[in-house]
Each structure stands twice: as structure tokens, then as C-alpha cells.
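What's in input-v8.cif: mmCIF, C-alpha atoms
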data_model
#
loop_
_atom_site.label_atom_id
_atom_site.label_comp_id
_atom_site.auth_asym_id
_atom_site.auth_seq_id
_atom_site.Cartn_x
_atom_site.Cartn_y
_atom_site.Cartn_z
CA MET A 1 100.21 64.49 119.66
CA LYS A 2 99.82 64.89 115.89
CA ILE A 3 100.42 68.34 114.46
CA VAL A 4 99.70 69.28 110.85
CA VAL A 5 100.76 72.44 109.02
CA LEU A 6 98.61 72.70 105.88
CA ASP A 7 100.33 75.54 104.00
CA GLY A 8 103.76 76.19 105.46
CA TYR A 9 105.64 77.41 102.40
CA THR A 10 104.99 81.17 102.42
CA LEU A 11 105.79 81.43 106.13
CA ASN A 12 108.86 79.27 105.83
CA PRO A 13 110.20 78.99 102.28
CA GLY A 14 113.42 77.64 103.79
CA ASP A 15 114.76 80.45 105.93
CA LEU A 16 112.97 79.48 109.16
CA SER A 17 112.85 76.31 111.23
CA TRP A 18 109.95 74.02 112.19
CA GLU A 19 112.03 72.47 115.01
CA GLY A 20 110.03 74.26 117.70
CA LEU A 21 106.79 72.58 116.58
CA LYS A 22 108.54 69.27 115.92
CA SER A 23 109.63 69.13 119.55
CA LEU A 24 105.98 69.19 120.62
CA GLY A 25 104.71 66.18 118.70
CA GLU A 26 104.53 64.25 115.44
CA LEU A 27 104.72 66.99 112.86
CA THR A 28 103.62 66.89 109.21
CA VAL A 29 104.22 69.99 107.11
CA TYR A 30 102.54 70.48 103.73
CA ASP A 31 103.92 73.33 101.66
CA ARG A 32 100.51 73.97 100.08
CA THR A 33 96.97 72.63 100.33
CA PRO A 34 94.29 73.47 97.72
CA VAL A 35 91.96 75.96 99.42
CA ASN A 36 88.82 74.82 97.62
CA GLU A 37 89.17 71.05 98.04
CA ASN A 38 87.65 70.42 101.40
CA GLN A 39 88.10 66.65 101.26
CA ILE A 40 91.87 67.05 100.88
CA ILE A 41 91.89 69.44 103.83
CA ILE A 42 89.93 66.93 105.93
CA ASN A 43 92.12 63.99 104.88
CA ARG A 44 95.31 65.86 105.62
CA ILE A 45 94.18 66.88 109.10
CA GLY A 46 92.93 63.31 109.68
CA ASP A 47 93.21 62.42 113.36
CA ALA A 48 95.56 65.30 114.24
CA GLU A 49 94.85 67.24 117.39
CA VAL A 50 96.51 70.45 116.20
CA VAL A 51 96.33 72.13 112.80
CA PHE A 52 98.21 75.22 111.66
CA VAL A 53 97.10 77.18 108.60
CA ASN A 54 98.04 80.39 106.91
CA LYS A 55 95.37 80.92 104.24
CA THR A 56 93.82 77.42 103.96
CA PRO A 57 90.20 77.72 105.17
CA ILE A 58 88.94 75.59 108.04
CA ARG A 59 85.21 75.28 107.38
CA ARG A 60 82.41 73.92 109.59
CA GLU A 61 82.46 70.66 107.66
CA THR A 62 86.17 70.22 108.38
CA ILE A 63 85.74 70.95 112.06
CA GLU A 64 82.86 68.48 112.29
CA SER A 65 84.74 65.79 110.33
CA CYS A 66 88.04 66.00 112.22
CA SER A 67 86.84 64.79 115.58
CA LYS A 68 90.26 64.73 117.27
CA LEU A 69 90.90 68.41 116.57
CA LYS A 70 91.66 70.40 119.75
CA PHE A 71 93.45 73.50 118.46
CA ILE A 72 93.54 75.63 115.30
CA GLY A 73 96.50 77.96 114.95
CA VAL A 74 96.45 80.64 112.24
CA LEU A 75 100.00 81.51 111.19
CA ALA A 76 98.84 84.95 110.09
CA THR A 77 96.78 87.87 111.34
CA GLY A 78 93.48 87.47 109.46
CA TYR A 79 91.31 84.62 110.78
CA ASN A 80 88.33 85.21 108.47
CA THR A 81 89.34 81.89 106.88
CA ILE A 82 88.26 79.97 110.00
CA ASP A 83 84.63 79.20 110.89
CA ILE A 84 85.06 80.44 114.45
CA THR A 85 81.38 79.82 115.28
CA ALA A 86 81.76 76.13 114.49
CA ALA A 87 85.07 76.03 116.39
CA LYS A 88 83.47 77.64 119.41
CA GLU A 89 80.61 75.11 119.39
CA LYS A 90 83.18 72.32 119.60
CA GLY A 91 85.23 74.15 122.26
CA ILE A 92 88.23 74.42 119.93
CA PRO A 93 90.41 77.49 120.59
CA VAL A 94 91.57 79.42 117.53
CA SER A 95 94.74 81.51 117.75
CA ASN A 96 96.17 84.01 115.33
CA VAL A 97 99.24 86.28 115.28
CA PRO A 98 97.71 89.72 115.65
CA SER A 99 100.81 91.83 115.39
CA TYR A 100 103.60 90.11 113.47
CA GLY A 101 103.15 92.32 110.42
CA THR A 102 102.24 95.68 111.94
CA MET A 103 105.51 97.45 111.23
CA ALA A 104 106.12 95.70 107.89
CA VAL A 105 102.67 96.48 106.48
CA GLY A 106 102.78 100.10 107.65
CA GLN A 107 106.17 100.46 105.96
CA PHE A 108 104.88 98.80 102.80
CA ALA A 109 101.77 100.99 102.57
CA ILE A 110 103.99 104.10 102.73
CA ALA A 111 106.40 102.57 100.19
CA LEU A 112 103.46 102.18 97.77
CA LEU A 113 102.51 105.81 98.34
CA LEU A 114 106.07 107.05 97.83
CA GLU A 115 106.28 105.08 94.58
CA ILE A 116 103.30 107.14 93.33
CA CYS A 117 104.98 110.35 94.54
CA HIS A 118 108.48 109.72 93.17
CA HIS A 119 108.72 106.70 90.82
CA ILE A 120 112.25 106.14 92.09
CA GLY A 121 112.81 102.95 90.09
CA HIS A 122 111.71 104.64 86.88
CA HIS A 123 113.92 107.68 87.50
CA ASN A 124 116.83 105.41 88.35
CA GLU A 125 116.48 103.68 84.99
CA SER A 126 115.94 106.92 83.15
CA VAL A 127 119.07 108.47 84.67
CA HIS A 128 121.10 105.36 83.82
CA GLN A 129 119.89 105.75 80.22
CA GLY A 130 121.54 109.17 80.18
CA ASN A 131 118.38 111.28 80.24
CA TRP A 132 119.60 113.48 83.08
CA GLU A 133 123.05 113.95 81.55
CA SER A 134 121.54 115.17 78.30
CA LYS A 135 119.44 117.90 80.04
CA PRO A 136 120.81 121.43 80.37
CA ASP A 137 119.60 121.68 84.02
CA TYR A 138 120.89 120.24 87.26
CA SER A 139 117.32 119.28 88.20
CA TYR A 140 115.75 116.29 86.48
CA TRP A 141 112.37 114.66 86.76
CA ASP A 142 110.35 112.58 84.36
CA TYR A 143 107.07 112.72 86.33
CA PRO A 144 105.48 115.46 88.39
CA LEU A 145 106.73 114.85 91.96
CA ILE A 146 104.20 114.98 94.78
CA GLU A 147 105.03 116.47 98.19
CA LEU A 148 102.99 114.86 100.95
CA ALA A 149 103.43 117.48 103.69
CA ASP A 150 100.16 119.27 104.45
CA LYS A 151 98.17 116.79 102.38
CA THR A 152 95.54 114.63 104.09
CA MET A 153 95.71 110.88 104.51
CA GLY A 154 92.43 109.15 105.29
CA ILE A 155 92.67 105.72 106.88
CA ILE A 156 89.76 103.28 106.84
CA GLY A 157 90.27 100.67 109.53
CA PHE A 158 92.35 102.22 112.29
CA GLY A 159 93.66 99.21 114.19
CA ARG A 160 97.33 98.38 114.78
CA ILE A 161 98.39 98.53 111.14
CA GLY A 162 96.25 101.55 110.30
CA GLN A 163 97.71 103.41 113.26
CA GLN A 164 101.28 102.48 112.34
CA THR A 165 100.67 103.71 108.79
CA GLY A 166 99.16 106.89 110.25
CA LYS A 167 102.22 107.46 112.43
CA ILE A 168 104.53 107.42 109.41
CA ALA A 169 102.16 109.66 107.43
CA LYS A 170 102.13 112.11 110.31
CA ALA A 171 105.94 112.14 110.44
CA LEU A 172 105.85 112.95 106.71
CA GLY A 173 103.91 116.10 107.65
CA MET A 174 100.50 114.82 106.56
CA LYS A 175 97.24 115.49 108.31
CA VAL A 176 95.75 112.12 109.26
CA ILE A 177 92.02 111.42 109.53
CA ALA A 178 90.59 107.98 110.26
CA PHE A 179 87.36 106.04 110.26
CA ASP A 180 86.84 103.05 112.51
CA THR A 181 83.87 101.79 114.50
CA ASN A 182 86.28 101.25 117.41
CA ILE A 183 87.79 104.52 118.66
CA THR A 184 90.95 104.16 120.77
CA GLU A 185 93.07 106.56 122.81
CA PRO A 186 96.33 105.77 120.99
CA GLY A 187 94.41 106.32 117.75
CA LYS A 188 93.32 109.77 118.86
CA GLU A 189 96.95 110.80 119.33
CA ILE A 190 97.69 110.04 115.70
CA ALA A 191 94.53 110.96 113.82
CA GLU A 192 91.28 112.81 113.99
CA TYR A 193 88.45 110.28 113.89
CA VAL A 194 85.84 111.31 111.33
CA SER A 195 82.90 109.72 109.53
CA LEU A 196 83.47 107.43 106.56
CA ASP A 197 81.93 110.10 104.31
CA ASN A 198 84.46 112.62 105.57
CA VAL A 199 87.36 110.23 104.98
CA LEU A 200 86.13 109.75 101.43
CA SER A 201 85.58 113.44 100.69
CA LYS A 202 88.46 115.12 102.56
CA SER A 203 91.44 112.85 101.85
CA ASP A 204 94.14 113.32 99.24
CA VAL A 205 95.22 109.72 99.86
CA ILE A 206 93.14 106.85 101.27
CA SER A 207 94.76 103.82 102.87
CA LEU A 208 92.61 100.74 103.59
CA HIS A 209 93.54 98.75 106.68
CA CYS A 210 90.46 96.63 107.28
CA SER A 211 89.36 93.19 106.11
CA PRO A 212 87.05 93.10 103.08
CA ILE A 213 84.21 92.00 105.39
CA GLN A 214 84.78 94.88 107.82
CA LYS A 215 84.98 97.25 104.88
CA GLU A 216 81.64 96.09 103.55
CA LEU A 217 80.03 96.35 106.99
CA SER A 218 81.48 99.84 107.50
CA ILE A 219 80.23 101.05 104.16
CA LYS A 220 76.77 99.56 104.78
CA LYS A 221 76.67 101.16 108.19
CA ALA A 222 77.80 104.52 106.86
CA SER A 223 75.20 104.47 104.10
CA GLY A 224 72.50 103.47 106.58
CA LYS A 225 71.78 100.05 105.00
CA MET B 1 116.07 149.24 90.47
CA LYS B 2 117.47 146.57 88.15
CA ILE B 3 116.92 142.96 89.19
CA VAL B 4 118.50 140.00 87.41
CA VAL B 5 117.66 136.31 87.83
CA LEU B 6 120.56 134.32 86.36
CA ASP B 7 119.13 130.79 86.38
CA GLY B 8 115.37 130.88 86.87
CA TYR B 9 114.30 127.80 84.95
CA THR B 10 114.52 125.02 87.56
CA LEU B 11 112.71 127.13 90.15
CA ASN B 12 110.08 128.26 87.68
CA PRO B 13 109.82 126.04 84.60
CA GLY B 14 106.49 127.72 83.89
CA ASP B 15 104.29 126.83 86.84
CA LEU B 16 105.20 129.83 89.05
CA SER B 17 105.08 133.58 88.52
CA TRP B 18 107.83 136.23 88.54
CA GLU B 19 105.24 139.01 88.96
CA GLY B 20 106.21 139.58 92.61
CA LEU B 21 109.79 140.46 91.64
CA LYS B 22 108.65 142.36 88.54
CA SER B 23 106.61 144.69 90.73
CA LEU B 24 109.80 145.71 92.56
CA GLY B 25 111.88 146.88 89.60
CA GLU B 26 113.15 146.28 86.10
CA LEU B 27 113.39 142.49 85.98
CA THR B 28 115.46 140.35 83.61
CA VAL B 29 115.12 136.59 83.94
CA TYR B 30 117.62 134.22 82.32
CA ASP B 31 116.59 130.57 82.29
CA ARG B 32 120.20 129.43 82.52
CA THR B 33 123.67 130.97 82.82
CA PRO B 34 126.86 128.95 82.24
CA VAL B 35 128.36 128.37 85.69
CA ASN B 36 131.96 128.39 84.53
CA GLU B 37 131.90 131.49 82.32
CA ASN B 38 132.48 134.28 84.74
CA GLN B 39 132.51 137.00 82.10
CA ILE B 40 128.96 136.07 81.03
CA ILE B 41 127.86 136.14 84.68
CA ILE B 42 129.44 139.59 85.10
CA ASN B 43 127.96 140.93 81.85
CA ARG B 44 124.47 139.66 82.69
CA ILE B 45 124.48 141.24 86.14
CA GLY B 46 125.90 144.45 84.60
CA ASP B 47 124.73 147.45 86.58
CA ALA B 48 121.92 145.61 88.41
CA GLU B 49 121.53 146.24 92.12
CA VAL B 50 119.94 142.88 92.86
CA VAL B 51 120.88 139.44 91.57
CA PHE B 52 119.07 136.16 92.22
CA VAL B 53 120.77 132.84 91.61
CA ASN B 54 120.00 129.22 92.21
CA LYS B 55 123.24 127.40 91.37
CA THR B 56 125.16 130.00 89.37
CA PRO B 57 128.24 130.92 91.42
CA ILE B 58 128.87 134.52 92.46
CA ARG B 59 132.64 134.69 92.82
CA ARG B 60 134.86 137.42 94.30
CA GLU B 61 135.71 138.65 90.80
CA THR B 62 132.00 139.07 90.01
CA ILE B 63 131.31 140.92 93.24
CA GLU B 64 134.27 143.24 92.59
CA SER B 65 133.29 143.82 88.94
CA CYS B 66 129.59 144.53 89.51
CA SER B 67 129.95 147.75 91.47
CA LYS B 68 126.22 148.53 91.69
CA LEU B 69 125.40 145.22 93.38
CA LYS B 70 123.59 145.70 96.71
CA PHE B 71 121.91 142.33 97.29
CA ILE B 72 122.49 138.67 96.38
CA GLY B 73 119.49 136.38 96.80
CA VAL B 74 119.99 132.62 96.62
CA LEU B 75 116.79 130.92 95.42
CA ALA B 76 117.84 127.72 97.18
CA THR B 77 119.17 126.51 100.52
CA GLY B 78 122.87 125.96 99.85
CA TYR B 79 124.88 129.18 99.54
CA ASN B 80 128.30 127.55 99.12
CA THR B 81 128.13 128.95 95.55
CA ILE B 82 128.52 132.52 96.86
CA ASP B 83 131.80 134.04 98.00
CA ILE B 84 130.28 135.34 101.23
CA THR B 85 133.62 136.72 102.43
CA ALA B 86 133.87 138.97 99.39
CA ALA B 87 130.19 139.92 99.76
CA LYS B 88 130.73 140.83 103.40
CA GLU B 89 133.72 143.00 102.56
CA LYS B 90 131.52 145.01 100.19
CA GLY B 91 128.63 145.12 102.69
CA ILE B 92 126.38 143.11 100.38
CA PRO B 93 123.80 140.99 102.22
CA VAL B 94 123.33 137.45 100.95
CA SER B 95 120.02 135.69 101.57
CA ASN B 96 119.04 132.07 101.06
CA VAL B 97 115.88 130.00 101.62
CA PRO B 98 116.87 127.80 104.54
CA SER B 99 113.73 125.72 104.83
CA TYR B 100 111.79 125.49 101.58
CA GLY B 101 112.83 121.90 100.93
CA THR B 102 112.92 120.40 104.44
CA MET B 103 109.81 118.25 104.15
CA ALA B 104 110.35 117.39 100.48
CA VAL B 105 113.95 116.26 100.95
CA GLY B 106 113.13 114.23 104.07
CA GLN B 107 110.34 112.51 102.14
CA PHE B 108 112.65 111.89 99.19
CA ALA B 109 115.44 110.41 101.32
CA ILE B 110 112.96 107.92 102.79
CA ALA B 111 111.55 107.19 99.33
CA LEU B 112 115.06 106.25 98.18
CA LEU B 113 115.44 103.96 101.18
CA LEU B 114 112.05 102.30 100.60
CA GLU B 115 112.97 101.70 96.96
CA ILE B 116 115.94 99.65 98.22
CA CYS B 117 113.67 97.80 100.66
CA HIS B 118 110.79 97.03 98.29
CA HIS B 119 111.56 97.79 94.61
CA ILE B 120 107.88 98.67 94.17
CA GLY B 121 108.25 99.75 90.54
CA HIS B 122 110.01 96.51 89.65
CA HIS B 123 107.41 94.37 91.41
CA ASN B 124 104.63 96.33 89.75
CA GLU B 125 106.09 95.54 86.33
CA SER B 126 106.78 91.94 87.25
CA VAL B 127 103.20 91.41 88.45
CA HIS B 128 101.83 93.01 85.27
CA GLN B 129 103.95 90.54 83.29
CA GLY B 130 102.04 87.72 85.00
CA ASN B 131 104.81 86.50 87.28
CA TRP B 132 102.59 86.53 90.37
CA GLU B 133 99.71 84.81 88.62
CA SER B 134 101.94 81.96 87.52
CA LYS B 135 103.15 81.22 91.09
CA PRO B 136 101.38 78.61 93.21
CA ASP B 137 101.48 80.89 96.31
CA TYR B 138 99.51 83.94 97.36
CA SER B 139 102.75 85.65 98.40
CA TYR B 140 105.04 86.99 95.69
CA TRP B 141 108.36 88.77 95.80
CA ASP B 142 111.19 89.01 93.33
CA TYR B 143 113.74 90.53 95.73
CA PRO B 144 114.40 89.94 99.41
CA LEU B 145 112.26 92.55 101.21
CA ILE B 146 113.85 94.52 104.04
CA GLU B 147 111.95 95.49 107.19
CA LEU B 148 113.28 98.71 108.71
CA ALA B 149 111.80 98.42 112.20
CA ASP B 150 114.50 97.89 114.83
CA LYS B 151 117.26 98.65 112.33
CA THR B 152 119.50 101.68 112.91
CA MET B 153 119.62 104.78 110.75
CA GLY B 154 122.70 106.94 111.13
CA ILE B 155 122.39 110.55 110.02
CA ILE B 156 125.42 112.68 109.26
CA GLY B 157 124.45 116.35 109.35
CA PHE B 158 121.52 116.72 111.72
CA GLY B 159 120.06 120.08 110.77
CA ARG B 160 116.49 120.70 109.62
CA ILE B 161 116.50 118.14 106.81
CA GLY B 162 118.45 115.53 108.75
CA GLN B 163 116.03 115.86 111.65
CA GLN B 164 112.98 115.60 109.39
CA THR B 165 114.44 112.44 107.82
CA GLY B 166 115.13 111.14 111.32
CA LYS B 167 111.52 111.76 112.36
CA ILE B 168 110.19 109.62 109.54
CA ALA B 169 112.77 106.90 110.22
CA LYS B 170 111.73 106.90 113.87
CA ALA B 171 108.06 106.54 112.89
CA LEU B 172 109.11 103.55 110.78
CA GLY B 173 110.36 101.97 114.01
CA MET B 174 114.05 102.60 113.38
CA LYS B 175 116.59 103.55 115.99
CA VAL B 176 118.10 106.88 114.93
CA ILE B 177 121.64 107.98 115.73
CA ALA B 178 123.15 111.21 114.47
CA PHE B 179 126.44 113.03 114.14
CA ASP B 180 126.62 116.81 113.97
CA THR B 181 129.02 119.34 115.42
CA ASN B 182 125.96 121.37 116.49
CA ILE B 183 123.81 119.51 119.04
CA THR B 184 120.24 120.82 119.42
CA GLU B 185 117.38 120.09 121.80
CA PRO B 186 114.87 119.17 119.03
CA GLY B 187 117.55 116.88 117.64
CA LYS B 188 117.93 115.08 120.97
CA GLU B 189 114.23 114.21 120.92
CA ILE B 190 114.65 112.37 117.63
CA ALA B 191 118.09 110.82 117.79
CA GLU B 192 120.93 109.87 120.02
CA TYR B 193 123.93 112.02 119.12
CA VAL B 194 127.03 109.87 118.72
CA SER B 195 130.52 110.24 117.25
CA LEU B 196 131.06 110.02 113.51
CA ASP B 197 132.89 106.73 114.05
CA ASN B 198 129.85 105.34 115.84
CA VAL B 199 127.51 106.45 113.07
CA LEU B 200 129.73 104.68 110.57
CA SER B 201 130.08 101.46 112.58
CA LYS B 202 126.63 101.06 114.15
CA SER B 203 124.23 102.02 111.34
CA ASP B 204 122.33 99.71 109.01
CA VAL B 205 121.52 102.74 106.84
CA ILE B 206 123.40 106.04 106.60
CA SER B 207 121.74 109.20 105.35
CA LEU B 208 123.90 112.22 104.50
CA HIS B 209 122.36 115.62 105.16
CA CYS B 210 125.34 117.95 105.11
CA SER B 211 127.08 119.94 102.40
CA PRO B 212 130.15 118.32 100.82
CA ILE B 213 132.30 120.93 102.58
CA GLN B 214 130.80 120.21 106.00
CA LYS B 215 131.18 116.52 105.34
CA GLU B 216 134.85 116.90 104.60
CA LEU B 217 135.39 119.05 107.69
CA SER B 218 133.49 116.57 109.86
CA ILE B 219 135.50 113.65 108.60
CA LYS B 220 138.77 115.55 109.06
CA LYS B 221 137.74 116.50 112.56
CA ALA B 222 136.68 112.97 113.42
CA SER B 223 139.94 111.55 112.15
CA GLY B 224 141.93 114.18 114.04
CA LYS B 225 143.41 115.85 110.95
#
Rewrite the coordinates I just gave you, this time as C-alpha cells.
Amino acid sequence: MKIVVLDGYTLNPGDLSWEGLKSLGELTVYDRTPVNENQIIINRIGDAEVVFVNKTPIRRETIESCSKLKFIGVLATGYNTIDITAAKEKGIPVSNVPSYGTMAVGQFAIALLLEICHHIGHHNESVHQGNWESKPDYSYWDYPLIELADKTMGIIGFGRIGQQTGKIAKALGMKVIAFDTNITEPGKEIAEYVSLDNVLSKSDVISLHCSPIQKELSIKKASGK
Amino acid sequence: MKIVVLDGYTLNPGDLSWEGLKSLGELTVYDRTPVNENQIIINRIGDAEVVFVNKTPIRRETIESCSKLKFIGVLATGYNTIDITAAKEKGIPVSNVPSYGTMAVGQFAIALLLEICHHIGHHNESVHQGNWESKPDYSYWDYPLIELADKTMGIIGFGRIGQQTGKIAKALGMKVIAFDTNITEPGKEIAEYVSLDNVLSKSDVISLHCSPIQKELSIKKASGK
């Protein structure tokens, strides 16, 4: 069985191992494949039965040209890069990794927010430059600091990552409101589901956890178009 | 009634109002008072009945010299700056503000931790300098990023602020262990109480939420001295 990884570098820049895949067949790993050059994509897949991609698109043309293809594995969460309609027509299963980044992305979203609230790196530099020492007070700040408790976070796209972000926001003392077309029980324990308009008008902070396509659809739906 | 505020500036650099206190008596507000010049502290209190301080120490000598003093209000949480034994002997009540900073300090402790994990400010600058654009990959980082989920946070001093910090850490997916001489029910819901030695040996991150004095006592106690 031939297995091709088209863009392995960002998943495994050297700190992981491809041995698991290698044990399953004849493995070829490309670090990168140009996303817009379909012919290169087709040539590299060739007569492989299995292709793994991270962000390289697998278009209808590719699926129709690579007649041996039996499986498409997305090494990431978002599979909007795959023409799943074309894959379905050919009976090719498409897998993704729905939850590998849930905790990391929730953490990162809150880290971005706390950077806005505290500018820790900037204050660190400023203190090292002696700016605190030269003040007559024991308190020092070079930006207005923002307390999040009792402020409202609005989350658009309240799936796994949105909910994880909401959990942290709630622990920070924030009120959490969310908009999603899919309302879930675990979601209700974290946030109050509201309309998109309400998220936009009532939030102090808005965190986006949906794909650009979902976002567009949501906004169209909310505006009645 | 004469009321003196010895170091009002950091509490109210201009965005709050002293009107509430002014309505209660003859109010004098000093922005700052030198902490080590006891005679200035004594002179400024003079024959006032009420003194408010943030970090200016009220020593035994001050309490014994200011014979009209009936009340000491600390405009902060920590009251280790007040000789409470001397105040008690004279029947002078000492108040503090035990909880004004609970949410803010918890948020700030986590912001410091997330700065270590992500260096958002640094990456922001680096991206603005074009360092992401010039990379062949869609992923960019200039530091190893640290995921907190499943790591262990050890908290020394598990009062209000320690517990609030622990709540956020827990929401980030961390295991939380804590050391405090005072074990509480709300605390047990957030963390596993362990010995100081265990906090020190089993934690990936340690967050200190005790006064320097308590810390010293805890360490002495733990080491059997």
C-alpha cells in the first residue's frame, strides 16, 4: 500500500515520528506541497491508495485523477480543504482529527485576550528598563489594565473549542453568551445561547470559533439573507 | 472627626472620588508618605481619630504617639504593615479589604503564566516585522509553545486568591494541587490538598498566594523547624 503525506512539516518539524505510518505501507512524506498547483498535487499522490494532508486542498479534479485513492486523512481539524462531495461520490472516506487542538486553542484564545488586558511582555521590558524603579509608587502600570470579571464574552461558534474557551472565560468570572445553530446540553452549562445580534451588541469581548464558511452562513442567516 | 489618608495615590490616582470619606469628617489626603520616616507618619496623623493607609506602616510607636487614634483602615488586603498587637492593646480596630483584588489577582497570575507559554507580545512584534510572511509554512512560532492541559499547578497559600487562580487553572485543563495550613471545603472542590514537599516536587508550575511571613512559617513548619 502506498501512503503519501503531502505537507508533513508543520505537524512534524522533527519532534514527532512517522514510524507508525511507515509500518503500514510504502510511505512518502513531502514537507510542503504548493496549495495552488493542482498538477503537482495529482502527480505526488500518483497511484497511492492513501493520502494525508494538513492544509493542502484535495479538489474534485484530484480525486477524479487519482483513481487508486481509497482514503483521505486530514491531519488537522478543519476539512473545508477537501471536496467531500466528490470523495463521497467515489466512496472515499475522509477522516479528520476533531479534537486534537481543543485545549490548546482555548488556552491560546484566552492568552490573546490577557495580552490585551495586561501587556505582560511590554511591562516586563518596561520594568527591566528601570521605569518602575524610577516611580515614587509601589504600583506600576504603563497601560490601563482591564479586569475581566463581570464582563461579557460572546462566542460565535460554540463547538468543542468555543466551549473550552467559554469554560476558561467563566472561571475568570465572565458572563458567557454564545451563538451557534447547534445548541448542545454541555454548551448550556457554560453559556447562555443568544441570537447573533445579541452576541454582537451585548459582548465586551467576542471570540470567533467557527470556520469562515460557517461564519458567513451564520451572518447571512441572522440577517435573513 | 479628623480623617487622614496617608498614601492615597495608588488607590485613587484621579479616577475615584474621596467624597464618601469627606462627608464623614475633616479629611486630609496625602498622595504618599515615606514608609521609613516614622516621625512624618506620626506628625501627619497628629490628633486624627481615623487613619487610612495602603502600604504605609503603622508601628507600635505611632499607635502610642497618636493618642486620639480610634480606627485604622487598610485600603488593601495585606495588613502585615500594621502592628495589630499594639492596636489591640489600645482597643483600636483595624480593618482591611479582604476581597477587592481576588478576581484581578487570579486573572493576573494566569496572565503571567500564559506569557511564559505563548509570548504573545513578542510574536505580535515578530509577525509585524514580517517574520511570518517570510516563512514557507502557515504555522509560525518563535518560541516553543507550552500547552497547560494535563500539567500540574501547585498553589502555596490556598485562600481566596489562590482558589480563584486554581479555578482558572482547572478550566485550562490543569491538575491543581495545593498546600495550606487551613483546609476548606470550597478549596477541596478545586484542588487536592497535599504537603508542601509534594507541591514542590509534583508541580509543573507553582503559584504563590501567601504573604512572605506565611510562606516562611509554612516552609519552617514543613521542614520541621
(request) Given the file shown, determine the residues that the PyMOL selection byres ((chain B) within 6 of (chain A)) selects; report them as a list in words. (result)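 Selection result, ordered by chain and number: Ala104, Ala111, Leu114, Gly121, Glu147, Lys167, Ile168 and Ala171 of chain B.
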(request) Between atom CA of B:Val97 and atom CA of B:Trp18, measure the distance and give it in Å to one decimal. (result) 16.6 Å
Around all the atoms of stretch 91-101 of chain A listed in the file, draw an axis-aligned box and extend it by 8 Å on each of the six sides; I want its centre and edge lengths in Å to one decimal, as lines of an AutoDock Vina configuration file.
center_x = 94.4
center_y = 83.2
center_z = 116.3
size_x = 34.4
size_y = 34.2
size_z = 27.8
(request) Step by step, work through what the PyMOL selection byres ((chain A and resi 48) around 12) selects in the shown file, and finish by giving those residues as a PyMOL selection string. (result) chain A and resi 1-6+25-28+41-47+49-52+63+65-72
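Residues in contact with A:Pro57 at up to 9 Å, not including ones fewer than 3 positions away on its chain and judged by all atoms listed in the file, are Val35, Asn36, Asn38, Ile41, Val53, Asn54, Tyr79, Asn80, Thr81, Ile82 and Asp83 of chain A.
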(request) Kindly resolve the PyMOL selection byres ((chain B and resi 94) around 6) on the present coordinates and return the residues as number ranges by chain. (result) B: 72-73, 93, 95
(message) For a test of reading the model, state the distance in Å between atom CA of A:Asp204 and atom CA of A:Ile156, rounded to one decimal.
(response)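 Between atom CA of A:Asp204 and atom CA of A:Ile156 the gap is 13.3 Å.
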(message) Quick check, in Å to one decimal: how far apart do atom CA of B:Ser211 and atom CA of B:Gly162 lie?
(response) 11.6 Å
Applying 7 Å and only C-alpha atoms, which residues near stretch 184-201 of chain A remain after dropping the ones on its own chain fewer than 5 positions away? List them as a PDB file with C-alpha atoms, in the frame of the given file.
ATOM      1  CA  GLY A 154      92.430 109.150 105.290  1.00  0.00           C
ATOM      2  CA  GLN A 163      97.710 103.410 113.260  1.00  0.00           C
ATOM      3  CA  GLY A 166      99.160 106.890 110.250  1.00  0.00           C
ATOM      4  CA  LYS A 167     102.220 107.460 112.430  1.00  0.00           C
ATOM      5  CA  VAL A 176      95.750 112.120 109.260  1.00  0.00           C
ATOM      6  CA  ILE A 177      92.020 111.420 109.530  1.00  0.00           C
ATOM      7  CA  ALA A 178      90.590 107.980 110.260  1.00  0.00           C
ATOM      8  CA  PHE A 179      87.360 106.040 110.260  1.00  0.00           C
ATOM      9  CA  ALA A 222      77.800 104.520 106.860  1.00  0.00           C
TER      10      ALA A 222
END
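Among the candidates B:Ser99, B:Ala109, B:Val127, B:Val29, the one nearest to B:Arg160 when counting all atoms listed in the file is B:Ser99.
Counting all atoms listed in the file, the residue from B:Ser17, B:Thr33, B:Asn131, B:Gln39 that sits nearest to B:Thr56 is B:Thr33.
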